[in-house]
Amino acid sequence: MFEDETRTTDRTDLSLQELVEYIARGLVTRPDDVTITEGTKGDMIVYEVRVADEDKGRVIGKNGRTAKALRAIIGAAATKAEKKATVEIID
């Protein structure tokens, strides 16, 4: 890290949540029904995604592939921000 760089932890958390919301809204047919809540489990940030019943399959994907990819993207973005994060799709 360069000396003139500053870390904005709060902005990073917000941008992770925005990233989850952006991706989830892009996957569903009813984007207005997407809600993201942030919680913690130990030192990990957990983003809970709630979508309309008919869109759950779109967010989860075949054999959970879409959900797994979403978790990988958020995990990588969190790692870059020196954090730990995951995504849970809530029934």
# chains A, B, ... in the order shown; residues from 1 in each chain; ligands from 1
$ residues_around --residues "segment 29-42 of chain A" --least-positions-apart "4" --cutoff "12 Å" --atoms "only C-alpha atoms" --output "number ranges by chain"
A: 13-14, 16-25, 46-59, 83-90
$ select_by_dssp --residues "chain A" --states "alpha helix (DSSP H)" --output "tab-separated table (two decimals) with N, CA and C atoms, in the first residue's frame"
chain	number	residue	atom	x	y	z
A	9	THR	N	-13.03	2.25	5.46
A	9	THR	CA	-13.66	0.99	5.82
A	9	THR	C	-15.17	1.03	5.63
A	10	ASP	N	-15.81	2.10	6.08
A	10	ASP	CA	-17.26	2.18	5.96
A	10	ASP	C	-17.70	2.15	4.50
A	11	ARG	N	-17.00	2.82	3.64
A	11	ARG	CA	-17.34	2.85	2.22
A	11	ARG	C	-17.16	1.47	1.60
A	12	THR	N	-16.16	0.73	2.03
A	12	THR	CA	-15.93	-0.62	1.50
A	12	THR	C	-17.10	-1.52	1.87
A	13	ASP	N	-17.56	-1.45	3.13
A	13	ASP	CA	-18.69	-2.26	3.54
A	13	ASP	C	-19.92	-1.93	2.70
A	14	LEU	N	-20.15	-0.65	2.50
A	14	LEU	CA	-21.29	-0.22	1.72
A	14	LEU	C	-21.16	-0.70	0.28
A	15	SER	N	-19.98	-0.63	-0.28
A	15	SER	CA	-19.82	-1.04	-1.67
A	15	SER	C	-19.99	-2.55	-1.83
A	16	LEU	N	-19.64	-3.34	-0.82
A	16	LEU	CA	-19.88	-4.78	-0.88
A	16	LEU	C	-21.38	-5.06	-0.91
A	17	GLN	N	-22.12	-4.36	-0.06
A	17	GLN	CA	-23.56	-4.54	-0.05
A	17	GLN	C	-24.17	-4.08	-1.37
A	18	GLU	N	-23.67	-3.00	-1.91
A	18	GLU	CA	-24.16	-2.52	-3.21
A	18	GLU	C	-23.85	-3.53	-4.30
A	19	LEU	N	-22.69	-4.16	-4.23
A	19	LEU	CA	-22.32	-5.17	-5.22
A	19	LEU	C	-23.26	-6.37	-5.15
A	20	VAL	N	-23.56	-6.84	-3.94
A	20	VAL	CA	-24.51	-7.95	-3.78
A	20	VAL	C	-25.86	-7.57	-4.37
A	21	GLU	N	-26.32	-6.38	-4.05
A	21	GLU	CA	-27.62	-5.93	-4.54
A	21	GLU	C	-27.63	-5.79	-6.06
A	22	TYR	N	-26.58	-5.24	-6.63
A	22	TYR	CA	-26.48	-5.06	-8.07
A	22	TYR	C	-26.56	-6.41	-8.79
A	23	ILE	N	-25.80	-7.37	-8.31
A	23	ILE	CA	-25.78	-8.69	-8.95
A	23	ILE	C	-27.13	-9.38	-8.79
A	24	ALA	N	-27.68	-9.36	-7.58
A	24	ALA	CA	-28.96	-10.03	-7.33
A	24	ALA	C	-30.07	-9.42	-8.16
A	25	ARG	N	-30.12	-8.09	-8.25
A	25	ARG	CA	-31.16	-7.44	-9.05
A	25	ARG	C	-31.02	-7.77	-10.53
A	26	GLY	N	-29.81	-7.99	-10.98
A	26	GLY	CA	-29.59	-8.35	-12.38
A	26	GLY	C	-30.03	-9.76	-12.73
A	27	LEU	N	-30.15	-10.60	-11.73
A	27	LEU	CA	-30.51	-12.00	-11.96
A	27	LEU	C	-32.02	-12.25	-11.97
A	56	LYS	N	-36.26	-17.26	-6.71
A	56	LYS	CA	-35.26	-17.99	-5.90
A	56	LYS	C	-34.41	-18.92	-6.75
A	57	GLY	N	-35.04	-19.60	-7.68
A	57	GLY	CA	-34.30	-20.50	-8.56
A	57	GLY	C	-33.28	-19.77	-9.41
A	58	ARG	N	-33.58	-18.56	-9.81
A	58	ARG	CA	-32.65	-17.77	-10.62
A	58	ARG	C	-31.42	-17.38	-9.81
A	59	VAL	N	-31.62	-17.05	-8.54
A	59	VAL	CA	-30.51	-16.63	-7.70
A	59	VAL	C	-29.67	-17.83	-7.26
A	60	ILE	N	-30.32	-18.96	-7.02
A	60	ILE	CA	-29.59	-20.15	-6.59
A	60	ILE	C	-28.94	-20.84	-7.78
A	65	ARG	N	-25.02	-23.32	-8.55
A	65	ARG	CA	-23.88	-22.70	-9.23
A	65	ARG	C	-23.90	-21.18	-9.19
A	66	THR	N	-25.07	-20.58	-9.39
A	66	THR	CA	-25.17	-19.12	-9.39
A	66	THR	C	-24.87	-18.57	-8.00
A	67	ALA	N	-25.44	-19.20	-6.97
A	67	ALA	CA	-25.19	-18.78	-5.59
A	67	ALA	C	-23.71	-18.93	-5.24
A	68	LYS	N	-23.11	-20.00	-5.70
A	68	LYS	CA	-21.69	-20.25	-5.44
A	68	LYS	C	-20.83	-19.18	-6.12
A	69	ALA	N	-21.20	-18.81	-7.34
A	69	ALA	CA	-20.46	-17.77	-8.06
A	69	ALA	C	-20.61	-16.41	-7.37
A	70	LEU	N	-21.82	-16.12	-6.89
A	70	LEU	CA	-22.06	-14.88	-6.16
A	70	LEU	C	-21.21	-14.83	-4.90
A	71	ARG	N	-21.15	-15.94	-4.18
A	71	ARG	CA	-20.31	-16.00	-2.97
A	71	ARG	C	-18.84	-15.81	-3.31
A	72	ALA	N	-18.40	-16.38	-4.42
A	72	ALA	CA	-17.00	-16.24	-4.82
A	72	ALA	C	-16.66	-14.79	-5.15
A	73	ILE	N	-17.55	-14.11	-5.86
A	73	ILE	CA	-17.32	-12.71	-6.22
A	73	ILE	C	-17.26	-11.84	-4.97
A	74	ILE	N	-18.22	-12.02	-4.07
A	74	ILE	CA	-18.26	-11.22	-2.85
A	74	ILE	C	-17.07	-11.56	-1.96
A	75	GLY	N	-16.72	-12.82	-1.89
A	75	GLY	CA	-15.54	-13.23	-1.11
A	75	GLY	C	-14.26	-12.59	-1.63
A	76	ALA	N	-14.12	-12.55	-2.94
A	76	ALA	CA	-12.93	-11.94	-3.54
A	76	ALA	C	-12.90	-10.43	-3.29
A	77	ALA	N	-14.04	-9.78	-3.43
A	77	ALA	CA	-14.11	-8.34	-3.18
A	77	ALA	C	-13.82	-8.04	-1.71
A	78	ALA	N	-14.32	-8.87	-0.82
A	78	ALA	CA	-14.07	-8.68	0.61
A	78	ALA	C	-12.60	-8.90	0.94
A	79	THR	N	-12.00	-9.89	0.32
A	79	THR	CA	-10.58	-10.16	0.55
A	79	THR	C	-9.74	-8.97	0.12
A	80	LYS	N	-10.09	-8.36	-0.98
A	80	LYS	CA	-9.38	-7.18	-1.45
A	80	LYS	C	-9.47	-6.05	-0.43
$ select_by_dssp --residues "chain A" --states "strand (DSSP E)" --output "ChimeraX atom specification"
/A:35-41,44-50,85-89
$ write_last_selection --atoms "N, CA and C atoms" --output "PDB file, in the first residue's frame"
ATOM      1  N   THR A  35     -34.157  -7.652  -1.394  1.00  0.00           N
ATOM      2  CA  THR A  35     -33.702  -6.946  -0.196  1.00  0.00           C
ATOM      3  C   THR A  35     -32.431  -7.613   0.315  1.00  0.00           C
ATOM      4  N   ILE A  36     -31.502  -6.792   0.739  1.00  0.00           N
ATOM      5  CA  ILE A  36     -30.230  -7.262   1.258  1.00  0.00           C
ATOM      6  C   ILE A  36     -30.093  -6.757   2.682  1.00  0.00           C
ATOM      7  N   THR A  37     -29.817  -7.662   3.606  1.00  0.00           N
ATOM      8  CA  THR A  37     -29.538  -7.253   4.979  1.00  0.00           C
ATOM      9  C   THR A  37     -28.150  -7.744   5.352  1.00  0.00           C
ATOM     10  N   GLU A  38     -27.484  -6.953   6.143  1.00  0.00           N
ATOM     11  CA  GLU A  38     -26.115  -7.270   6.552  1.00  0.00           C
ATOM     12  C   GLU A  38     -26.106  -7.692   8.008  1.00  0.00           C
ATOM     13  N   GLY A  39     -25.398  -8.759   8.285  1.00  0.00           N
ATOM     14  CA  GLY A  39     -25.221  -9.230   9.649  1.00  0.00           C
ATOM     15  C   GLY A  39     -23.797  -9.730   9.818  1.00  0.00           C
ATOM     16  N   THR A  40     -23.491 -10.257  10.968  1.00  0.00           N
ATOM     17  CA  THR A  40     -22.158 -10.800  11.201  1.00  0.00           C
ATOM     18  C   THR A  40     -22.255 -12.151  11.895  1.00  0.00           C
ATOM     19  N   LYS A  41     -21.298 -12.981  11.609  1.00  0.00           N
ATOM     20  CA  LYS A  41     -21.096 -14.255  12.307  1.00  0.00           C
ATOM     21  C   LYS A  41     -19.611 -14.300  12.641  1.00  0.00           C
ATOM     22  N   MET A  44     -16.963 -12.567  10.277  1.00  0.00           N
ATOM     23  CA  MET A  44     -17.402 -12.583   8.884  1.00  0.00           C
ATOM     24  C   MET A  44     -18.675 -11.751   8.701  1.00  0.00           C
ATOM     25  N   ILE A  45     -18.702 -10.971   7.638  1.00  0.00           N
ATOM     26  CA  ILE A  45     -19.894 -10.220   7.258  1.00  0.00           C
ATOM     27  C   ILE A  45     -20.782 -11.168   6.445  1.00  0.00           C
ATOM     28  N   VAL A  46     -22.052 -11.225   6.795  1.00  0.00           N
ATOM     29  CA  VAL A  46     -22.998 -12.093   6.090  1.00  0.00           C
ATOM     30  C   VAL A  46     -24.065 -11.219   5.452  1.00  0.00           C
ATOM     31  N   TYR A  47     -24.201 -11.327   4.135  1.00  0.00           N
ATOM     32  CA  TYR A  47     -25.243 -10.600   3.410  1.00  0.00           C
ATOM     33  C   TYR A  47     -26.371 -11.578   3.134  1.00  0.00           C
ATOM     34  N   GLU A  48     -27.546 -11.285   3.680  1.00  0.00           N
ATOM     35  CA  GLU A  48     -28.714 -12.133   3.467  1.00  0.00           C
ATOM     36  C   GLU A  48     -29.533 -11.560   2.321  1.00  0.00           C
ATOM     37  N   VAL A  49     -29.766 -12.377   1.313  1.00  0.00           N
ATOM     38  CA  VAL A  49     -30.494 -11.954   0.119  1.00  0.00           C
ATOM     39  C   VAL A  49     -31.890 -12.561   0.160  1.00  0.00           C
ATOM     40  N   ARG A  50     -32.885 -11.704   0.037  1.00  0.00           N
ATOM     41  CA  ARG A  50     -34.278 -12.148  -0.049  1.00  0.00           C
ATOM     42  C   ARG A  50     -34.836 -11.690  -1.379  1.00  0.00           C
ATOM     43  N   ALA A  85     -16.389 -12.103   3.921  1.00  0.00           N
ATOM     44  CA  ALA A  85     -17.822 -11.920   3.678  1.00  0.00           C
ATOM     45  C   ALA A  85     -18.368 -13.127   2.920  1.00  0.00           C
ATOM     46  N   THR A  86     -19.652 -13.359   3.114  1.00  0.00           N
ATOM     47  CA  THR A  86     -20.350 -14.417   2.388  1.00  0.00           C
ATOM     48  C   THR A  86     -21.777 -13.968   2.128  1.00  0.00           C
ATOM     49  N   VAL A  87     -22.472 -14.747   1.323  1.00  0.00           N
ATOM     50  CA  VAL A  87     -23.857 -14.443   0.958  1.00  0.00           C
ATOM     51  C   VAL A  87     -24.719 -15.643   1.285  1.00  0.00           C
ATOM     52  N   GLU A  88     -25.886 -15.387   1.883  1.00  0.00           N
ATOM     53  CA  GLU A  88     -26.867 -16.434   2.147  1.00  0.00           C
ATOM     54  C   GLU A  88     -28.168 -16.056   1.451  1.00  0.00           C
ATOM     55  N   ILE A  89     -28.768 -17.017   0.762  1.00  0.00           N
ATOM     56  CA  ILE A  89     -30.060 -16.805   0.137  1.00  0.00           C
ATOM     57  C   ILE A  89     -31.100 -17.299   1.138  1.00  0.00           C
TER      58      ILE A  89
END
